[in-house]
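Take a look at the structure set out below.
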Number of protein chains: 4
Amino acid sequence: MGIIERKEREKEQRREEIISAAEKVFMEKGLPAATMDEIAELAELSKGTLYLYYKSKEDLYVAVTMRGGEILYKLMAEATSPQKPVLERIKGLGDAYFEFFQKHRQYFRMYRYMDNPQVHKQVSEEMLGACKAKDQRIWNLGVNLMQQAIDEGLIQSRVAPVEAIVMLWAISDAMMRQIDGNSDYWKQLNVDLESTLKRSYEFILEGMMTKKGKHKFQPLKTAEEIAS
Amino acid sequence: MGIIERKEREKEQRREEIISAAEKVFMEKGLPAATMDEIAELAELSKGTLYLYYKSKEDLYVAVTMRGGEILYKLMAEATSPQKPVLERIKGLGDAYFEFFQKHRQYFRMYRYMDNPQVHKQVSEEMLGACKAKDQRIWNLGVNLMQQAIDEGLIQSRVAPVEAIVMLWAISDAMMRQIDGNSDYWKQLNVDLESTLKRSYEFILEGMMTKKGKHKFQPLKTAEEIAS
Amino acid sequence: MGIIERKEREKEQRREEIISAAEKVFMEKGLPAATMDEIAELAELSKGTLYLYYKSKEDLYVAVTMRGGEILYKLMAEATSPQKPVLERIKGLGDAYFEFFQKHRQYFRMYRYMDNPQVHKQVSEEMLGACKAKDQRIWNLGVNLMQQAIDEGLIQSRVAPVEAIVMLWAISDAMMRQIDGNSDYWKQLNVDLESTLKRSYEFILEGMMTKKGKHKFQPLKTAEEIAS
Amino acid sequence: MGIIERKEREKEQRREEIISAAEKVFMEKGLPAATMDEIAELAELSKGTLYLYYKSKEDLYVAVTMRGGEILYKLMAEATSPQKPVLERIKGLGDAYFEFFQKHRQYFRMYRYMDNPQVHKQVSEEMLGACKAKDQRIWNLGVNLMQQAIDEGLIQSRVAPVEAIVMLWAISDAMMRQIDGNSDYWKQLNVDLESTLKRSYEFILEGMMTKKGKHKFQPLKTAEEIAS
DNA sequence: TATGAATGAGAGTTCATTCAT
DNA sequence: AATGAATGAACTCTCATTCAT
């Protein structure tokens, strides 16, 4: 019986090895320019073996991005863990996303490439399903948090939690894209997009708070500003 | 002399014909799946001729997106033309972007695909330069408008005009991407992203206004709300 | 001892199971398109096990055709069994072949594909030998019958029995191939190949008969014609 | 204008060069084992160029067999040309087929492989159409000849010309297949299939003749037998 | 005996790009 | 300026077969 388990473990490990090799190649070249040959060579496996574990190049690509998704999830779950006051945790959600953006830029880019509908079509149903499930978990973190903040009377009850999260996510995501893709342009305009991003996030968050919320959140912010 | 000019004109026309053909193919298939063969056939030209006018498939792709950029520019320029009060015009900027999104979805998607750094690498310097110049003109419309609003005391002077515009753009852009790509997902969550987008835009805009600005803008909004 | 026999029996059974699975796949897809994977899955065995019983895909293919050969042999042996007059039995040989063609079309086709020298090269010596042995048994049925007819003075003695059988077989086989492969073509020409085949067969057979043979065979034929 | 014609000619020539190279490879290896790489190398062209002229390996295969068909047609047309009496020409048709079989064995085999329905599926409609057209021309030669013989009262009028030709073709084709594929087997049985074939052909032909026909044909045959 | 993971050679096909005309 | 034939590298993916367990 131990044998079966060991085999299972080895197989899982092999899958990870493949993903690791694919990760390097995809990050360096992007999906279209990456070749299965290169990935196979890096993984020290035959090309055929790759196809034993993943149905297509696109599926493998998605598998890699899911690793990024897992990282993002963990960062956000951590930021969300209930040690801190809820508003601070919502703030932390944005920070976690930014940390993901900064520390795992390549994963961020892979995600970004993948939200192209043209790419979706090449991915197997299973993979797409697994991917969406992971995404959902991430969204849920935020939505639950926001619901809690509403329940505690810190966020206006007229705000739907999902929409609130979408707004926060939207402002973050779009700006990160700009930071990533057009930083030269903005630098030459003397615009510090990073701080703009942070301020926008707080700005929107504050706008959704109740008086009670603003009261509780204020000190936090000031403390942080002192620190910076 | 007239001959040279005529030739010049003909050449320009040929470039447009090529773009028109490419446009159809790219919009239908996307960059990776489109082939120069298909474009050439549609343009009723030989493949070789395509390369006489554009250096590469990617360059041609960018040329097409620039046509979309021109459309967006015109829509925004119109919304920005000085018949209306400045705040209304800023509001109109968002509406223009949304109109572009709705009426020229394919162009929106091409833009979206193109802001991928991986794609940039394949594009010639000149093309990329021309593209950025066109982008800049669009940004400038907004920045100038915002500056004017600040000068008129309608937007808080502590807000940098560029940053203000970036925020507005960011929220719009990210949400449109969601509407375009994940509408099924949001529908099933009963989230109306379109109205969320509109409200976010106004929400951010209002947050940046002075008291004077809010005072002036209020009636507008109410009028609109009555209409809706 | 009993153990060894049981094992032997089980092994034989396993071989049959494999052939049954292979049969389905080969008949559906043909030799080139069939894959060992599919056969293994259908047989609920691992691919490796297949190779324990058969040396190659081609060997397995031949093994399946031999099953068809067995069917053909049985049909012919039945038609040949000595209840009826010998000439009728020779006639019955052709009918048996046609029955095989009609009721076991897939086997007929596999045979047809296999008489390609290119295919032979991929088959192991043993398999080819076994196959030829089975073929021989079939030929012998006819040859013996023909010999008997000659001995009985029904077929001209100047006719070599083997050659007589070859002629009858040849006309049948070639026409069945046409019926199978080009029936559309012949239908549009208003040619009923099936009856042409039957008439040709009798035509040749009669041509080889002695007067005595013709005399004896005539009533048969007439009876048949009345029935039809 | 000469330019266009020359180009056309060159293109046709290139098609022929490709067929010549393909011919060698296909004849040596058979369709499944042949590779486009090898053909391209032999043709001293790039693989891509091959696909400029032929849609697929299978199409190319058919193109080669059509060359064989042309040879067969010419042989038969020659044998059929109206210098000789019509019955002799019908006899000559069989000889022409046998000559094709003997002198162009490889083409015979390619034909033989191609009448496999599985192969048909991979061939383009155009190619298949062209192929059938060529086939038809060959059949027509025989059918017309047979009609003429009927008109001249040499062949029984109750025989449909198409069916008559089918019978003659069938006996020839099936025996040639045996000669080609199983000659060892027959040799060891001391059967001379070649002469069996010839006799069968005449046997069937004679069977269809009128008295007048037999009368005219007899001397011919005897003359031939004397010669042999 | 049975497994099934791994292989690896190589297949057919595509297509952006070039260049002689 | 325009052609379009030719290129050739590279692509993804397949599958019969092997072999350690």
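Chain labels follow the order of the structure tokens: the first chain is A, the next B, and so on; residue numbering restarts at 1 in every chain, and ligands are counted from 1 in their shown order.
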
Practice item. Find the residues near Gly48 (chain A): any atom within 9 Å, counting only C-alpha atoms (C1' of nucleotides), skip ones fewer than 3 places away on the same chain, and give them as a ChimeraX atom specification. Key: /A:40,45,51-52 /E:6-8 /F:13-14

Review point. Could you name the residues that touch region 87-91 of chain B at 9 Å or less, counting only C-alpha atoms (C1' of nucleotides), but leaving out those on the same chain fewer than 2 positions away, as a PyMOL selection string?
Key: chain B and resi 79-85+93-96+142+145-146+149+154-155+201-202+205+213+216-217+220

Got a sec to pull out which chain D residues are within 8 Å of chain F, counting only C-alpha atoms (C1' of nucleotides), and send them as a PDB file with N, CA, C and O atoms, in the first residue's frame?
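So iface_18.pdb came out as:
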```
ATOM      1  N   SER D  46      12.537  22.270 -50.662  1.00  0.00           N
ATOM      2  CA  SER D  46      12.178  22.284 -49.249  1.00  0.00           C
ATOM      3  C   SER D  46      10.825  21.612 -49.073  1.00  0.00           C
ATOM      4  O   SER D  46      10.005  21.573 -49.988  1.00  0.00           O
ATOM      5  N   LYS D  47      10.623  21.120 -47.871  1.00  0.00           N
ATOM      6  CA  LYS D  47       9.378  20.449 -47.595  1.00  0.00           C
ATOM      7  C   LYS D  47       8.207  21.392 -47.831  1.00  0.00           C
ATOM      8  O   LYS D  47       7.166  20.988 -48.348  1.00  0.00           O
ATOM      9  N   GLY D  48       8.399  22.646 -47.444  1.00  0.00           N
ATOM     10  CA  GLY D  48       7.338  23.624 -47.637  1.00  0.00           C
ATOM     11  C   GLY D  48       6.893  23.703 -49.084  1.00  0.00           C
ATOM     12  O   GLY D  48       5.701  23.846 -49.378  1.00  0.00           O
ATOM     13  N   THR D  49       7.858  23.641 -49.986  1.00  0.00           N
ATOM     14  CA  THR D  49       7.533  23.730 -51.411  1.00  0.00           C
ATOM     15  C   THR D  49       6.635  22.574 -51.842  1.00  0.00           C
ATOM     16  O   THR D  49       5.717  22.763 -52.651  1.00  0.00           O
TER      17      THR D  49
END
```

Exercise for review: Apply DSSP to the backbone of this structure and, from region 26-188 of chain A, keep only the residues in alpha helix (DSSP H); write these as a ChimeraX atom specification.
Suggested key: /A:26-33,36-43,47-53,57-80,86-103,105-114,117-120,125-151,161-188

Please identify every residue of chain E that has at least one atom no farther than 9 Å from an atom of chain B, counting only C-alpha atoms (C1' of nucleotides), and for each give the shortest atom pair and the distance in Å to one decimal, arranged by chain then increasing number, as CSV.
```
residue,atom,partner,partner_atom,distance
E:DC15,C1',B:Thr35,CA,7.2
E:DA16,C1',B:Met36,CA,7.5
E:DT17,C1',B:Tyr51,CA,8.5
E:DT18,C1',B:Gly48,CA,8.6
```

Restricted to C-alpha atoms (C1' of nucleotides), what would the selected residues look like written as a PDB file, in the first residue's frame?
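After the write, out_17.pdb holds the following:
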```pdb
ATOM      1  C1'  DC E  15       3.937  30.483 -42.225  1.00  0.00           C
ATOM      2  C1'  DA E  16       6.624  34.748 -41.718  1.00  0.00           C
ATOM      3  C1'  DT E  17       9.843  36.251 -44.516  1.00  0.00           C
ATOM      4  C1'  DT E  18      12.909  36.788 -48.623  1.00  0.00           C
TER       5       DT E  18
END
```

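Within 6 Å of chain B, counting only C-alpha atoms, chain A contributes Ala170, Ile171, Ala174 and Met175 of chain A.
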
Hey, can you spit out that residue selection with N, CA, C and O atoms as a CSV table (one decimal), in the first residue's frame?
```
chain,number,residue,atom,x,y,z
A,170,ALA,N,-10.1,46.5,-9.3
A,170,ALA,CA,-10.0,47.1,-10.6
A,170,ALA,C,-8.9,48.2,-10.6
A,170,ALA,O,-8.1,48.3,-11.4
A,171,ILE,N,-9.0,49.1,-9.6
A,171,ILE,CA,-8.1,50.2,-9.5
A,171,ILE,C,-6.7,49.7,-9.4
A,171,ILE,O,-5.7,50.2,-10.0
A,174,ALA,N,-5.5,47.7,-12.8
A,174,ALA,CA,-5.2,48.6,-14.0
A,174,ALA,C,-3.9,49.4,-13.8
A,174,ALA,O,-3.1,49.6,-14.7
A,175,MET,N,-3.7,49.8,-12.5
A,175,MET,CA,-2.5,50.6,-12.3
A,175,MET,C,-1.3,49.8,-12.3
A,175,MET,O,-0.2,50.2,-12.8
```

Exercise for review: Please provide as JSON, numbers by chain all residues within 8 Å of Phe100 (chain C), with the sequence filter that same-chain residues fewer than 5 positions apart are discarded (counting only C-alpha atoms (C1' of nucleotides)).
Suggested key: {"C": [71, 72, 75, 105, 108]}
